[in-house]
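Here's the structure, in structure tokens; my notes come after.
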Amino acid sequence: MSTAVSSRRLATIGVIGALTLQFVASATAGPIALPGCPENCGGVQVPYPFGIGRGCFHEGFNLTCDEAQHPAKLLLGDGVEVLDISLPDCTVRIQTKISWVEYAAEFNGSWSVPAPDGPLMVSTARNSFVAFGCNVLAKLIPYGTVLSYASACAAACVNTPDVSSCSGVGCCQTSIASLGSDLPWYGIQVKHLEGETGNYYHRAVFIVDQDWFSRVEAAMASNFSALFFGNRFHEKVVMVDSVPVVLEWSLDLIRDAGLFVLSPIGPQSSDFRCLSSNSFSYTIIGNYDRRRCNCSHGYEGNPYIADGCQDIDECQLPDIYPCHGTCINVPGTYRCSSKKGIKSLPGLIAIIALSAGFGLLFSILGVSNIINKLKQRRAKLLRQKFFKRNHGLLLQQLISSNKDIAERMKIFSFEELEQATNMFDQNRIIGDGGHGTVYKGILSDQRVVAIKKSRVVVQREIDQFINEVVILSQTNHRNVVTLFGCCLETEVPLLVYEFISNRTLSYHLHGQYENPLSWNDRLRIALETARAIAYLHSAASISVFHRDIKSANILLTDTLTAKVSDFGASRSISIDETGIHTAIQGTHGYLDPEYYYTSRLTEKSDVYSFGVILAELLTRIKPVFSTHSSEGKSLASHFVSVIKDCSLLDILDPQIVEEGRAKDAEAVARLAEVCLSLKGEERPTMRQVEITLEDVLGPNVHSSCRVSRTSQGALKDQTQNQNKGNEGTRLYSLEKEFIQSSEIPR
């Protein structure tokens with residue numbers, strides 16, 4: 001089957017690029033390239049450090065302009081077309097070929113940026129990994145790391161699919177996992193799904209700009225459906241053969257005399273720096289060997305060349321910089337003088353003259369008061385802006401419409417949380433991770449709280465905050481961490497939880513803790529956690545699948561009471577549904593294999609993760625551990641194999657044996673084994689798990705192995721009968737439910 005590029009879509013890309021360049025050109029009056037160097041090619045602007053021709057570019061940023069084509073095309077490396085270049089975002093959009101895999105059960109290839117030894121990297125935040133095909137499993141493997149894959153997705157097919165989106169039927173897509181810094185190349189592996197049959201026609205995998213793909217996803221999925229299931233001899237289907245990809249770039253740091261200095265760039269300076277006055281440099285979060293430049297606030301342009309950053313005339317942009325008086329542009333900012341204030345100036349002078357000795361004092365106090373009020377007004381307007389952007393009005397409506405939620409949860413002002421944390425004092429920090437900081441605070445009613453504050457402004461992080469607010473606002477269980485409220489007046493929302501002082505279950509099991517948990521405490525923590533998850537699955541007002549059950553997300557109080565936390569990745573569905581198709585997300589070692597291969601999330605995915613926790617409680621071995629013969633071994637698979645060999649004592653924590661609780665441990669081990677079944681239909685529900693743990697803790701604590709095995713068989717049969725015939729997929733998210741709640745008549 002031949003393939004061709006859709007001219008209509010390419011024309012759309014060209015129009016979007018032209019409009020973007022027109023906006024940049026109008027906003028920036030200063031130079032963008034070195035003197036005497038071309039500034040554009042075929043309508044695409046070429047800002048320094050990129051350049052065309054000798055002496056016009058920084059090392060690794062050379063481009064060529066193919067003027068033989070009409071219109072001319074800007075090329076990178078071995079003829080890769082450049083669609084646009086963004087200085088503020090430090091990105092380059094290129095057009096790359098799609099990899100078609102036909103007539104082969106397995107394919108191993110690679111994808112790399114042009115000139116992979118240069119400064120360009122694949123943007124994990126702006127691209128997606130997509131695969132078309134029937135019964136296909138595609139993996140994106142990061143080179144130069146210890147991980148076996150960075151992203152993976154699976155697509156199955158039925159006889160007559162209605163493919164309108166890449167949600168696992170004929171097509172799948174997933175985000176590219178961030179490994180701390182972006183990479184220039186990846187390996188690509190395509191396999192046939194294990195246990196599935198069928199031909200290997202027309203399979204394609206590619207990395208693509210996720211914003212672009214979201215606009216054409218339905219059309220590409222429909223075309224592929226027609227290509228695979230239509231009449232291949234009489235029906236001609238047109239498929240695109242190239243897609244846009246977003247690359248990120250930055251500049252290397254080198255070491256000189258023990259100090260970091262920037263590497264040489266261009267003919268203007270022996271040591272690179274942000275050459276334009278009114279510019280600054282910064283390093284990339286998570287990769288301190290890479291540096292970028294940007295214009296200072298109030299300036300726009302190219303910070304990499306002299307006089308590249310030009311002052312913005314805010315008075316010419318009243319929609320962005322409002323002024324209800326006389327607008328006066330000044331370097332880096334603007335002033336807005338009130339007309340009424342100018343007319344009343346003589347009167348003000350007369351009053352000061354008549355006031356004599358008190359005039360000077362009053363004027364100083366007055367000016368200070370005005371400045372403070374202006375600052376407070378600007379801060380108030382900014383907080384109102386953030387409040388609306390973070391769906392504050394909708395959350396207020398949700399709280400006001402439900403008396404139970406209103407009694408448990410409050411929307412805090414930023415001033416309240418500043419007072420609670422002593423202006424976010426560094427001494428109040430109780431946790432500091434890659435995504436944010438947790439502060440200990442004391443509210444005005446003397447409640448001790450934990451305040452979660454993100455340090456990265458990413459829309460995906462904000463969405464996860466909102467998702468956690470909506471779930472916890474409708475959840476009320478003693479073993480689920482309590483959300484007292486949130487603050488939406490900051491760029492990233494702040495969450496206010498009850499303060500849990502005794503760290504996590506993971507710390508008590510795997511940390512250097514002086515007093516290990518007793519078997520009774522472990523069994524009670526397991527039961528309390530099971531109760532919380534069972535409540536989320538079936539007893540709450542909405543069914544919630546946690547999707548990231550792990551020992552690090554189980555907090556412990558001073559009395560060792562378990563509290564399930566971190567609902568940022570959770571998903572809710574209506575009571576009559578059994579699962580949803582969603583991008584794979586979870587923690588290595590706890591991830592349900594069935595969910596990984598099908599992208600279908602069900603309540604049994606949480607059951608599998610809980611089974612890993614039971615194995616941790618029994619063995620005190622981490623979910624992914626190393627041995628003398630191998631690295632990165634899975635506790636789940638190792639535990640199941642040991643149970644089948646009747647060798648539980650070989651890996652059982654010696655403390656349990658010393659306490660004389662080996663028989664109880666065997667009953668829990670049999671429960672963990674059935675929770676870790678590879679097929680979800682063979683796993684029990686969390687309610688059945690809860691009942692089994694209650695029996696172990698009850699009067700029959702020392703039940704025999706025979707009784708435990710019998711109970712396990714009955715539990716497995718009951719689980720299979722309950723789950724038989726449960727089917728149905730509907731994409732659903734709490735973010736949509738939250739936004740749609742405003743449309744319900746009150």
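Ordering of the structure tokens sets the chain letters (A, B, ...); residue numbers start at 1 within each chain; ligands are numbered from 1 in the order shown.
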Using DSSP on the backbone coordinates, identify the residues of stretch 616-657 of chain A assigned to strand (DSSP E or B); present them as an MDAnalysis selection string.
chainID A and resid 624:625 633:634
Filtering to C-alpha atoms, could you give me those residues as an mmCIF file, in the first residue's frame?
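Output contents, as saved in result-v1.cif:
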data_model
loop_
_atom_site.group_PDB
_atom_site.id
_atom_site.type_symbol
_atom_site.label_atom_id
_atom_site.label_comp_id
_atom_site.auth_asym_id
_atom_site.auth_seq_id
_atom_site.Cartn_x
_atom_site.Cartn_y
_atom_site.Cartn_z
ATOM 1 C CA VAL A 624 12.395 -4.287 43.193
ATOM 2 C CA PHE A 625 15.522 -5.771 44.716
ATOM 3 C CA LYS A 633 14.336 -8.474 40.340
ATOM 4 C CA SER A 634 10.562 -8.257 40.971
#
Nearest to A:Leu247, restricted to only C-alpha atoms and choosing among A:Ser276, A:Asn520, A:Ser123, A:Thr437, comes out as A:Ser123
Pull the alpha helix (DSSP H) assignments for stretch 497-668 of chain A out of DSSP run on the backbone, and list those residues as an MDAnalysis selection string.
chainID A and resid 505:510 519:534 593:598 603:619 635:644 648:651 654:658 662:668
At a cut-off of 7 Å, using only C-alpha atoms, what residues contact stretch 291-304 of chain A? Leave out same-chain residues fewer than 6 positions from it and give the result as a PyMOL selection string.
chain A and resi 28+30+32+48-49+88+250-253+274-276+278-284+310-312+332-333
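Taking atom CA of A:Ser605 and atom CA of A:Gly589 as the two end points, the separation is 12.6 Å.
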At a cut-off of 8 Å, using only C-alpha atoms, what residues contact A:Cys323? Leave out same-chain residues fewer than 4 positions from it and give the result as number ranges by chain.
A: 318, 327, 336
